file data.tsv (TSV, C-alpha atoms and all ligand atoms)
chain	number	residue	atom	x	y	z
A	221	MET	CA	24.19	-15.66	-10.07
A	222	ILE	CA	22.52	-18.80	-11.36
A	223	ASP	CA	20.38	-20.83	-8.96
A	224	ARG	CA	20.06	-24.60	-8.75
A	225	LEU	CA	17.33	-24.52	-11.41
A	226	GLY	CA	19.41	-22.52	-13.87
A	227	ARG	CA	17.65	-19.19	-13.34
A	228	THR	CA	19.77	-16.05	-13.49
A	229	ILE	CA	19.07	-13.84	-10.48
A	230	GLU	CA	19.88	-10.23	-11.32
A	231	TYR	CA	17.12	-8.16	-9.74
A	232	VAL	CA	16.22	-7.32	-6.14
A	233	ARG	CA	13.12	-5.62	-4.80
A	234	VAL	CA	13.94	-3.77	-1.59
A	235	SER	CA	11.12	-2.86	0.76
A	236	VAL	CA	12.30	0.23	2.65
A	237	THR	CA	9.31	0.41	5.01
A	238	ASP	CA	6.21	-1.58	5.88
A	239	ARG	CA	4.26	1.67	6.48
A	240	CYS	CA	1.94	3.23	3.99
A	241	ASN	CA	-0.20	6.32	3.54
A	242	LEU	CA	-2.96	4.24	1.88
A	243	ARG	CA	-4.85	1.15	2.94
A	244	CYS	CA	-5.67	-0.58	-0.36
A	245	ARG	CA	-8.33	-3.13	0.47
A	246	TYR	CA	-6.52	-6.08	-1.10
A	247	CYS	CA	-3.19	-5.18	0.50
A	248	MET	CA	-3.57	-3.81	4.04
A	249	PRO	CA	-6.19	-3.87	6.78
A	250	GLU	CA	-7.76	-0.58	7.78
A	251	ASP	CA	-6.26	-0.59	11.23
A	252	GLY	CA	-4.75	-2.89	13.81
A	253	VAL	CA	-1.53	-3.29	11.84
A	254	SER	CA	1.48	-3.81	14.07
A	255	TRP	CA	4.24	-1.80	12.44
A	256	LEU	CA	7.85	-2.75	12.65
A	257	SER	CA	9.60	-0.63	15.25
A	258	HIS	CA	12.24	1.75	13.88
A	259	ALA	CA	14.91	-0.35	15.56
A	260	ARG	CA	13.89	-3.38	13.50
A	261	ILE	CA	14.03	-1.58	10.16
A	262	LEU	CA	17.23	-1.75	8.14
A	263	ARG	CA	19.15	1.51	8.07
A	264	TYR	CA	20.10	2.82	4.64
A	265	GLU	CA	23.73	1.79	5.21
A	266	GLU	CA	22.57	-1.74	6.01
A	267	ILE	CA	20.42	-1.89	2.88
A	268	ALA	CA	23.42	-0.71	0.87
A	269	GLN	CA	25.59	-3.38	2.47
A	270	ALA	CA	23.08	-6.08	1.56
A	271	VAL	CA	22.79	-4.78	-2.00
A	272	ARG	CA	26.60	-4.68	-2.28
A	273	VAL	CA	26.71	-8.38	-1.47
A	274	LEU	CA	23.92	-9.11	-3.94
A	275	ALA	CA	25.68	-7.05	-6.61
A	276	GLY	CA	28.81	-9.12	-6.03
A	277	LEU	CA	26.69	-12.16	-6.85
A	278	GLY	CA	25.33	-10.67	-10.06
A	279	VAL	CA	22.36	-8.49	-9.12
A	280	ARG	CA	22.25	-5.48	-11.45
A	281	ARG	CA	18.92	-3.76	-10.81
A	282	VAL	CA	17.16	-2.60	-7.67
A	283	LYS	CA	13.49	-1.70	-7.24
A	284	LEU	CA	12.59	0.31	-4.14
A	285	THR	CA	9.19	-0.61	-2.75
A	286	GLY	CA	7.30	-0.90	0.53
A	287	GLY	CA	4.80	-0.21	2.12
A	288	GLU	CA	4.98	3.14	0.49
A	289	PRO	CA	8.67	3.84	-0.15
A	290	LEU	CA	8.14	7.61	-0.30
A	291	CYS	CA	6.92	7.52	3.32
A	292	ARG	CA	10.48	6.88	4.40
A	293	THR	CA	12.42	10.11	4.71
A	294	GLY	CA	15.56	10.76	2.73
A	295	LEU	CA	14.97	8.17	0.01
A	296	PRO	CA	17.15	10.08	-2.53
A	297	ALA	CA	20.11	9.51	-0.20
A	298	LEU	CA	19.55	5.75	-0.44
A	299	VAL	CA	19.28	5.96	-4.22
A	300	ARG	CA	22.62	7.77	-4.41
A	301	MET	CA	24.22	5.21	-2.09
A	302	LEU	CA	22.97	2.33	-4.25
A	303	TYR	CA	24.33	3.92	-7.42
A	304	THR	CA	27.83	3.96	-5.92
A	305	ILE	CA	27.80	0.14	-5.67
A	306	ASP	CA	29.85	-1.66	-8.32
A	307	GLY	CA	27.57	-3.60	-10.63
A	308	ILE	CA	24.33	-1.74	-9.88
A	309	GLU	CA	23.09	-0.37	-13.19
A	310	GLU	CA	19.57	0.78	-12.37
A	311	VAL	CA	17.54	1.83	-9.34
A	312	THR	CA	13.80	2.24	-9.90
A	313	LEU	CA	10.76	2.76	-7.73
A	314	THR	CA	7.22	1.48	-7.27
A	315	THR	CA	4.88	3.91	-5.53
A	316	ASN	CA	1.29	4.93	-5.12
A	317	GLY	CA	2.49	8.35	-6.28
A	318	LEU	CA	0.84	10.50	-3.62
A	319	LEU	CA	4.11	11.98	-2.39
A	320	LEU	CA	5.70	12.40	-5.81
A	321	PRO	CA	4.76	16.07	-6.22
A	322	ALA	CA	7.11	16.87	-3.32
A	323	GLN	CA	9.79	14.30	-4.13
A	324	ALA	CA	9.97	13.61	-7.88
A	325	GLU	CA	12.65	16.22	-8.66
A	326	ALA	CA	14.96	15.08	-5.86
A	327	LEU	CA	14.50	11.43	-6.81
A	328	ARG	CA	15.23	12.19	-10.46
A	329	ASP	CA	18.34	14.11	-9.45
A	330	ALA	CA	19.45	11.11	-7.41
A	331	GLY	CA	19.13	8.89	-10.50
A	332	ILE	CA	15.59	7.47	-10.57
A	333	GLU	CA	14.60	7.41	-14.23
A	334	LYS	CA	11.74	4.93	-14.12
A	335	VAL	CA	8.74	4.72	-11.82
A	336	ASN	CA	5.91	2.23	-11.58
A	337	LEU	CA	2.84	4.00	-10.29
A	338	SER	CA	0.10	1.84	-8.78
A	339	LEU	CA	-3.37	3.04	-9.67
A	340	ASP	CA	-6.40	0.78	-9.51
A	341	SER	CA	-9.17	3.14	-10.51
A	342	LEU	CA	-9.63	6.27	-12.60
A	343	ARG	CA	-12.89	7.12	-10.83
A	344	PRO	CA	-12.47	9.40	-7.81
A	345	ASP	CA	-15.14	7.75	-5.66
A	346	ARG	CA	-13.91	4.27	-6.41
A	347	TYR	CA	-10.25	5.21	-5.89
A	348	ALA	CA	-11.18	6.61	-2.48
A	349	ALA	CA	-13.12	3.45	-1.59
A	350	LEU	CA	-10.42	1.08	-2.83
A	351	THR	CA	-7.58	2.85	-1.06
A	352	ARG	CA	-9.79	3.75	1.95
A	353	CYS	CA	-8.12	7.15	2.33
A	354	GLY	CA	-6.65	8.29	-0.99
A	355	ALA	CA	-7.65	11.02	-3.43
A	356	LEU	CA	-7.35	10.22	-7.13
A	357	SER	CA	-6.34	13.83	-7.80
A	358	ASP	CA	-3.27	13.37	-5.59
A	359	ALA	CA	-2.22	10.21	-7.42
A	360	LEU	CA	-2.66	11.96	-10.78
A	361	ALA	CA	-0.68	14.94	-9.50
A	362	GLY	CA	2.06	12.45	-8.63
A	363	LEU	CA	1.93	11.03	-12.14
A	364	ASP	CA	2.28	14.52	-13.60
A	365	ALA	CA	5.13	15.39	-11.27
A	366	ALA	CA	7.05	12.27	-12.29
A	367	LYS	CA	6.57	13.04	-15.97
A	368	ARG	CA	7.57	16.67	-15.49
A	369	ALA	CA	10.72	15.54	-13.68
A	370	GLY	CA	11.57	13.47	-16.76
A	371	MET	CA	10.83	10.01	-15.38
A	372	ARG	CA	9.37	7.21	-17.47
A	373	VAL	CA	6.17	6.08	-15.80
A	374	LYS	CA	4.33	2.79	-16.08
A	375	LEU	CA	0.93	2.32	-14.50
A	376	ASN	CA	0.35	-0.86	-12.50
A	377	VAL	CA	-3.30	-1.89	-12.23
A	378	VAL	CA	-4.66	-4.86	-10.29
A	379	PRO	CA	-8.06	-5.76	-11.77
A	380	ILE	CA	-10.40	-7.32	-9.23
A	381	ARG	CA	-13.64	-9.00	-10.17
A	382	ASP	CA	-16.72	-6.88	-9.45
A	383	VAL	CA	-14.53	-4.11	-8.04
A	384	ASN	CA	-12.69	-2.42	-10.92
A	385	ASP	CA	-12.77	-4.98	-13.75
A	386	ASP	CA	-15.06	-2.66	-15.71
A	387	GLU	CA	-12.21	-0.12	-16.04
A	388	ILE	CA	-9.79	-2.15	-18.17
A	389	VAL	CA	-10.81	-0.33	-21.32
A	390	ASP	CA	-10.67	3.05	-19.54
A	391	PHE	CA	-7.12	2.31	-18.45
A	392	ILE	CA	-6.10	1.33	-21.98
A	393	ARG	CA	-7.60	4.56	-23.31
A	394	PHE	CA	-5.90	6.59	-20.55
A	395	GLY	CA	-2.56	4.92	-21.32
A	396	ARG	CA	-2.84	5.56	-25.03
A	397	GLU	CA	-3.90	9.18	-24.57
A	398	ASN	CA	-1.08	9.88	-22.12
A	399	GLY	CA	1.70	7.82	-23.70
A	400	LEU	CA	1.91	5.45	-20.73
A	401	VAL	CA	2.44	1.70	-20.61
A	402	VAL	CA	-0.34	0.19	-18.51
A	403	ARG	CA	0.36	-3.18	-16.92
A	404	PHE	CA	-2.40	-5.33	-15.51
A	405	ILE	CA	-1.26	-7.52	-12.62
A	406	GLU	CA	-3.20	-10.60	-11.65
A	407	LEU	CA	-4.31	-10.42	-8.03
A	408	MET	CA	-2.38	-12.92	-5.91
A	409	PRO	CA	-3.93	-14.75	-2.98
A	410	VAL	CA	-1.40	-13.22	-0.59
A	411	GLY	CA	-2.51	-11.47	2.59
A	412	LEU	CA	-5.79	-9.66	1.96
A	413	GLY	CA	-5.65	-10.62	-1.71
A	414	ALA	CA	-6.93	-14.03	-0.64
A	415	GLY	CA	-10.69	-14.14	-0.77
A	416	ARG	CA	-10.94	-11.73	-3.71
A	417	GLN	CA	-10.78	-12.75	-7.32
A	418	GLY	CA	-8.38	-11.40	-9.91
A	419	LEU	CA	-8.63	-11.66	-13.68
A	420	SER	CA	-6.48	-13.95	-15.78
A	421	ASN	CA	-4.50	-12.63	-18.77
A	422	ALA	CA	-6.88	-14.37	-21.16
A	423	GLU	CA	-9.88	-12.57	-19.66
A	424	ILE	CA	-8.15	-9.18	-19.84
A	425	LEU	CA	-7.02	-9.74	-23.44
A	426	ALA	CA	-10.57	-10.60	-24.46
A	427	VAL	CA	-11.89	-7.35	-22.98
A	428	ILE	CA	-9.21	-5.23	-24.70
A	429	GLU	CA	-9.68	-7.05	-28.01
A	430	ARG	CA	-13.37	-6.14	-28.07
A	431	GLU	CA	-12.75	-2.39	-27.74
A	432	PHE	CA	-9.25	-1.92	-29.18
A	433	PRO	CA	-8.55	-4.74	-31.65
A	434	GLY	CA	-5.42	-5.00	-33.77
A	435	PHE	CA	-2.73	-5.31	-31.11
A	436	ALA	CA	0.03	-7.89	-31.37
A	437	PRO	CA	2.53	-9.35	-28.91
A	438	PHE	CA	5.66	-7.25	-28.60
A	439	PRO	CA	8.84	-9.07	-29.53
A	440	GLU	CA	11.02	-7.21	-27.00
A	441	LYS	CA	10.57	-6.98	-23.24
A	442	LEU	CA	9.44	-3.69	-21.75
A	443	GLY	CA	10.98	-3.91	-18.32
A	444	ASN	CA	12.57	-6.01	-15.58
A	445	GLY	CA	9.86	-8.44	-15.14
A	446	PRO	CA	7.56	-11.13	-16.31
A	447	ALA	CA	5.09	-8.96	-18.23
A	448	ASP	CA	3.83	-10.15	-21.61
A	449	CYS	CA	3.73	-7.00	-23.73
A	450	TYR	CA	1.45	-6.00	-26.59
A	451	GLY	CA	1.18	-3.01	-28.89
A	452	TRP	CA	-0.85	-1.48	-31.70
A	453	PRO	CA	0.81	-0.63	-35.02
A	454	ASP	CA	-0.25	3.01	-34.63
A	455	GLY	CA	1.20	3.30	-31.11
A	456	GLY	CA	0.26	2.36	-27.58
A	457	THR	CA	1.43	-0.60	-25.50
A	458	PHE	CA	0.23	-2.57	-22.53
A	459	GLY	CA	1.49	-5.45	-20.44
A	460	LEU	CA	-0.03	-8.40	-18.61
A	461	ILE	CA	1.48	-10.02	-15.54
A	462	GLY	CA	-0.36	-13.26	-14.97
A	463	ALA	CA	1.10	-13.76	-11.53
A	464	VAL	CA	-1.08	-16.75	-10.65
A	465	HIS	CA	-2.20	-18.54	-13.80
A	466	ASP	CA	0.77	-17.77	-16.02
A	467	ARG	CA	3.34	-19.40	-13.76
A	468	PHE	CA	6.45	-17.61	-14.91
A	469	CYS	CA	8.42	-19.03	-11.96
A	470	ASP	CA	10.78	-20.88	-14.30
A	471	ARG	CA	12.04	-17.50	-15.57
A	472	CYS	CA	11.99	-15.72	-12.20
A	473	ASN	CA	14.99	-13.38	-11.98
A	474	ARG	CA	14.53	-11.84	-8.55
A	475	VAL	CA	14.87	-11.94	-4.79
A	476	ARG	CA	13.36	-9.60	-2.22
A	477	LEU	CA	14.74	-7.80	0.82
A	478	THR	CA	12.13	-6.93	3.44
A	479	ALA	CA	12.29	-3.83	5.58
A	480	ASP	CA	13.34	-5.94	8.58
A	481	GLY	CA	16.19	-7.60	6.75
A	482	MET	CA	14.78	-10.92	5.49
A	483	LEU	CA	16.09	-11.98	2.12
A	484	ARG	CA	13.00	-13.58	0.62
A	485	LEU	CA	13.58	-15.99	-2.21
A	486	CYS	CA	10.01	-16.13	-3.52
A	487	LEU	CA	7.07	-13.81	-2.94
A	488	ALA	CA	4.81	-16.78	-2.31
A	489	GLN	CA	7.04	-18.83	0.00
A	490	PRO	CA	8.16	-18.10	3.55
A	491	ASP	CA	11.63	-19.47	2.87
A	492	GLY	CA	14.34	-16.85	3.38
A	493	LEU	CA	17.49	-15.76	5.14
A	494	ASP	CA	17.56	-13.28	8.02
A	495	LEU	CA	20.36	-10.85	7.21
A	496	MET	CA	20.15	-8.96	10.53
A	497	PRO	CA	22.66	-11.15	12.40
A	498	TYR	CA	25.18	-10.45	9.64
A	499	LEU	CA	24.37	-6.80	8.99
A	500	ARG	CA	23.97	-5.75	12.62
A	501	GLY	CA	25.20	-8.60	14.78
A	502	GLY	CA	28.66	-8.90	13.30
A	503	GLN	CA	28.17	-12.53	12.25
A	504	PRO	CA	30.71	-13.37	9.52
A	505	GLY	CA	29.95	-15.12	6.24
A	506	LEU	CA	27.23	-12.90	4.74
A	507	THR	CA	28.22	-13.46	1.11
A	508	GLU	CA	28.37	-17.24	1.51
A	509	ALA	CA	25.03	-17.31	3.34
A	510	VAL	CA	23.35	-15.22	0.62
A	511	ARG	CA	24.90	-17.36	-2.11
A	512	ASN	CA	23.58	-20.54	-0.45
A	513	ALA	CA	20.13	-19.01	0.05
A	514	ILE	CA	19.80	-17.94	-3.57
A	515	TRP	CA	20.99	-21.35	-4.71
A	516	ARG	CA	18.04	-22.97	-2.92
A	517	LYS	CA	15.44	-20.50	-4.27
A	518	PRO	CA	12.13	-22.39	-4.40
A	519	ALA	CA	10.90	-23.65	-7.76
A	520	GLY	CA	7.83	-21.46	-7.59
A	521	HIS	CA	4.51	-20.57	-6.12
A	522	ALA	CA	1.72	-23.01	-5.40
A	523	PHE	CA	-1.12	-20.48	-5.36
A	524	LEU	CA	-3.51	-22.82	-7.13
A	525	THR	CA	-2.94	-25.89	-4.97
A	526	GLU	CA	-1.83	-24.90	-1.47
A	527	ASP	CA	-2.60	-22.62	1.43
A	528	THR	CA	-1.31	-19.18	0.68
A	529	GLU	CA	1.16	-16.95	2.41
A	530	ASP	CA	-0.58	-15.00	5.15
A	531	ARG	CA	2.00	-12.26	5.59
A	532	MET	CA	0.77	-8.92	4.35
A	533	MET	CA	1.97	-7.71	0.95
A	534	ASN	CA	3.10	-4.37	2.39
A	535	GLY	CA	5.66	-6.34	4.40
A	536	ILE	CA	6.98	-8.22	1.38
A	537	GLY	CA	7.01	-5.35	-1.11
A	538	GLY	CA	4.86	-6.69	-3.94
B	601	LIG	N1	2.98	1.24	-2.13
B	601	LIG	C1	3.65	0.97	-3.34
B	601	LIG	C2	2.68	0.74	-4.48
B	601	LIG	O1	1.48	0.60	-4.21
B	601	LIG	O2	3.15	0.68	-5.62
B	601	LIG	C3	4.64	-0.17	-3.27
B	601	LIG	C4	4.25	-1.41	-2.49
B	601	LIG	S1	2.87	-2.33	-3.17
B	601	LIG	C5	2.84	-3.71	-2.05
B	601	LIG	C6	3.56	-2.95	-4.68
B	601	LIG	C7	2.57	-3.51	-5.66
B	601	LIG	O3	1.99	-4.68	-5.11
B	601	LIG	C8	1.41	-2.57	-6.00
B	601	LIG	O4	1.37	-2.40	-7.42
B	601	LIG	C9	0.19	-3.32	-5.52
B	601	LIG	O5	-0.92	-3.10	-6.36
B	601	LIG	C10	0.68	-4.75	-5.60
B	601	LIG	N2	-0.10	-5.69	-4.76
B	601	LIG	C11	-0.39	-5.61	-3.45
B	601	LIG	N3	-1.10	-6.70	-3.05
B	601	LIG	C12	-1.24	-7.49	-4.16
B	601	LIG	C13	-1.86	-8.75	-4.41
B	601	LIG	N4	-2.48	-9.44	-3.45
B	601	LIG	N5	-1.80	-9.26	-5.66
B	601	LIG	C14	-1.16	-8.57	-6.66
B	601	LIG	N6	-0.55	-7.39	-6.48
B	601	LIG	C15	-0.60	-6.84	-5.25
B	602	LIG	FE1	0.05	0.89	0.34
B	602	LIG	FE2	0.94	0.02	-2.02
B	602	LIG	FE3	-0.34	-1.65	-0.32
B	602	LIG	FE4	-1.73	0.26	-1.50
B	602	LIG	S1	-0.67	-1.45	-2.54
B	602	LIG	S2	-1.80	-0.26	0.72
B	602	LIG	S3	-0.27	1.87	-1.66
B	602	LIG	S4	1.61	-0.71	0.02

call {"tool": "encode", "arguments": {"input": "data.tsv", "output": "structure tokens"}}
result
Amino acid sequence: MIDRLGRTIEYVRVSVTDRCNLRCRYCMPEDGVSWLSHARILRYEEIAQAVRVLAGLGVRRVKLTGGEPLCRTGLPALVRMLYTIDGIEEVTLTTNGLLLPAQAEALRDAGIEKVNLSLDSLRPDRYAALTRCGALSDALAGLDAAKRAGMRVKLNVVPIRDVNDDEIVDFIRFGRENGLVVRFIELMPVGLGAGRQGLSNAEILAVIEREFPGFAPFPEKLGNGPADCYGWPDGGTFGLIGAVHDRFCDRCNRVRLTADGMLRLCLAQPDGLDLMPYLRGGQPGLTEAVRNAIWRKPAGHAFLTEDTEDRMMNGIGG
């Protein structure tokens, strides 16, 4: 559907759990997290019901996220359910990849063809430090498993100043050698992202230009989202998502469904609609309520001028 600012909303990111098997320093605290109780988490049937309503309003693509979506058991069953919904054309996944070796085949069989794999360092010691408890070899095994299962994989990297910003060139090289699109995402001052500094698109481009000159902007889009894409004439592509400084809010195409049933209209704004009373409480009027909520989707983030959202990113789904 089209919102009050003329934006076409056709994409939903669904967080299936707030739990995660990593503790990335910019995303989740090491401990002391109060998890949602199982009773408060949407059941797969409830997620499907919400997506059915969204599909009726024009949503065509679903991204499963979290927390770590693969930590929730039976995810392929949800994927199959979503593909039965009229209007849903594509279900994809964003994951840290650790559980892909065990799950990639089943997810591919259920219809997942594209995966975004989040990987912020190619150095084992740094990966372990950044994620607090992860092994790079496990993430790379997940990458391999996804490729072997026939999925198209994009790497998502969040460069952070003085943490991993010296690996931009390594990631470009890794992407080119392995036929992967690498996308650099600007760190947002959400949750634990606040207080750390990301890199702007211009800074990242300058670094890549020094080592791998000759790329040009790609005319066509390479995915669902707001990435600016570039490629070299002899092959290799990368994308930049300038989430803070690029302000692509005027072309935002998405809403988010949190694990506890909030329809969030903007990642950076608390405004939303609690779907629980409709999905579980029997309250009538779900479609109308969702339509009204999407209509009032906020104009955009105010990361550069206002206090930021303090809810953790694992609860919103990235
Ligand atoms: N666990 C899965 C993963 O890591 O892909 C899915 C959930 S995670 C919240 C989704 C994405 O959000 C990841 O690519 C992660 O790097 C990104 N992310 C988390 N906090 C962020 C922040 N403050 N700014 C930008 N991206 C962030
Ligand atoms: Fe977990 Fe993803 Fe957050 Fe890392 S970015 S802690 S993998 S939810």

call {"tool": "residues_near_ligand", "arguments": {"input": "data.tsv", "ligand": "ligand LIG 602 (chain B)", "cutoff": "8 Å", "atoms": "all atoms listed in the file", "output": "list in words"}}
result
Asp238, Arg239, Cys240, Asn241, Leu242, Arg243, Cys244, Arg245, Tyr246, Cys247, Met248, Gly286, Gly287, Glu288, Thr315, Asn316, Ser338, Thr351, Met533, Asn534, Gly537 and Gly538 of chain A

call {"tool": "atom_distance", "arguments": {"input": "data.tsv", "atom1": "CA of Asp494 in chain A", "atom2": "CA of Arg476 in chain A"}}
result
11.7 Å

call {"tool": "axis_aligned_box", "arguments": {"input": "data.tsv", "around": "range 436-440 of chain A", "padding_each_side": "6 Å", "output": "lines of an AutoDock Vina configuration file"}}
result
center_x = 5.5
center_y = -8.3
center_z = -29.2
size_x = 23.0
size_y = 14.1
size_z = 16.4

call {"tool": "atom_distance", "arguments": {"input": "data.tsv", "atom1": "atom C1 of ligand LIG 601 (chain B)", "atom2": "CA of Gly317 in chain A"}}
result
8.0 Å

call {"tool": "closest_atom_pairs", "arguments": {"input": "data.tsv", "of": "range 272-368 of chain A", "to": "range 381-388 of chain A", "cutoff": "8 Å", "atoms": "all atoms listed in the file", "output": "Markdown table"}}
result
| residue | atom | partner | partner_atom | distance |
| --- | --- | --- | --- | --- |
| A:Asp340 | CA | A:Asn384 | CA | 7.2 |
| A:Ser341 | CA | A:Asn384 | CA | 6.6 |
| A:Leu342 | CA | A:Glu387 | CA | 7.7 |

call {"tool": "residues_around", "arguments": {"input": "data.tsv", "residues": "Met496 in chain A", "least_positions_apart": "3", "cutoff": "6 Å", "atoms": "only C-alpha atoms", "output": "number ranges by chain"}}
result
A: 481, 499-500

call {"tool": "closest_residue", "arguments": {"input": "data.tsv", "among": "A:Gly445, A:Gly278, A:Gly418, A:Gly370", "to": "Gly307 in chain A", "atoms": "all atoms listed in the file"}}
result
A:Gly278

call {"tool": "atom_distance", "arguments": {"input": "data.tsv", "atom1": "atom C3 of ligand LIG 601 (chain B)", "atom2": "CA of Thr314 in chain A"}}
result
5.0 Å

call {"tool": "closest_residue", "arguments": {"input": "data.tsv", "among": "A:Ala355, A:Leu262, A:Ile380, A:Ala330", "to": "ligand LIG 601 (chain B)", "atoms": "only C-alpha atoms and all ligand atoms"}}
result
A:Ile380

call {"tool": "closest_residue", "arguments": {"input": "data.tsv", "among": "A:Gly535, A:Gly399, A:Gly252, A:Gly411", "to": "Thr457 in chain A", "atoms": "only C-alpha atoms"}}
result
A:Gly399

call {"tool": "closest_residue", "arguments": {"input": "data.tsv", "among": "A:Arg474, A:Arg396, A:Arg430, A:Arg416", "to": "Gly451 in chain A", "atoms": "all atoms listed in the file"}}
result
A:Arg396

call {"tool": "closest_residue", "arguments": {"input": "data.tsv", "among": "A:Gly492, A:Thr293, A:Leu320, A:Phe404", "to": "Val389 in chain A", "atoms": "only C-alpha atoms"}}
result
A:Phe404

call {"tool": "closest_residue", "arguments": {"input": "data.tsv", "among": "A:Arg511, A:Arg403, A:Arg224, A:Lys334", "to": "ligand LIG 601 (chain B)", "atoms": "only C-alpha atoms and all ligand atoms"}}
result
A:Arg403

call {"tool": "residues_near_point", "arguments": {"input": "data.tsv", "point": "(15.8, -12.6, 3.3)", "cutoff": "12 Å", "atoms": "only C-alpha atoms", "output": "PyMOL selection string"}}
result
chain A and resi 232-235+262+267+270-271+274+474-487+489-499+506+509-514+517+535-536

call {"tool": "residues_around", "arguments": {"input": "data.tsv", "residues": "Arg281 in chain A", "least_positions_apart": "6", "cutoff": "8 Å", "atoms": "all atoms listed in the file", "output": "PyMOL selection string"}}
result
chain A and resi 230-232+308-312
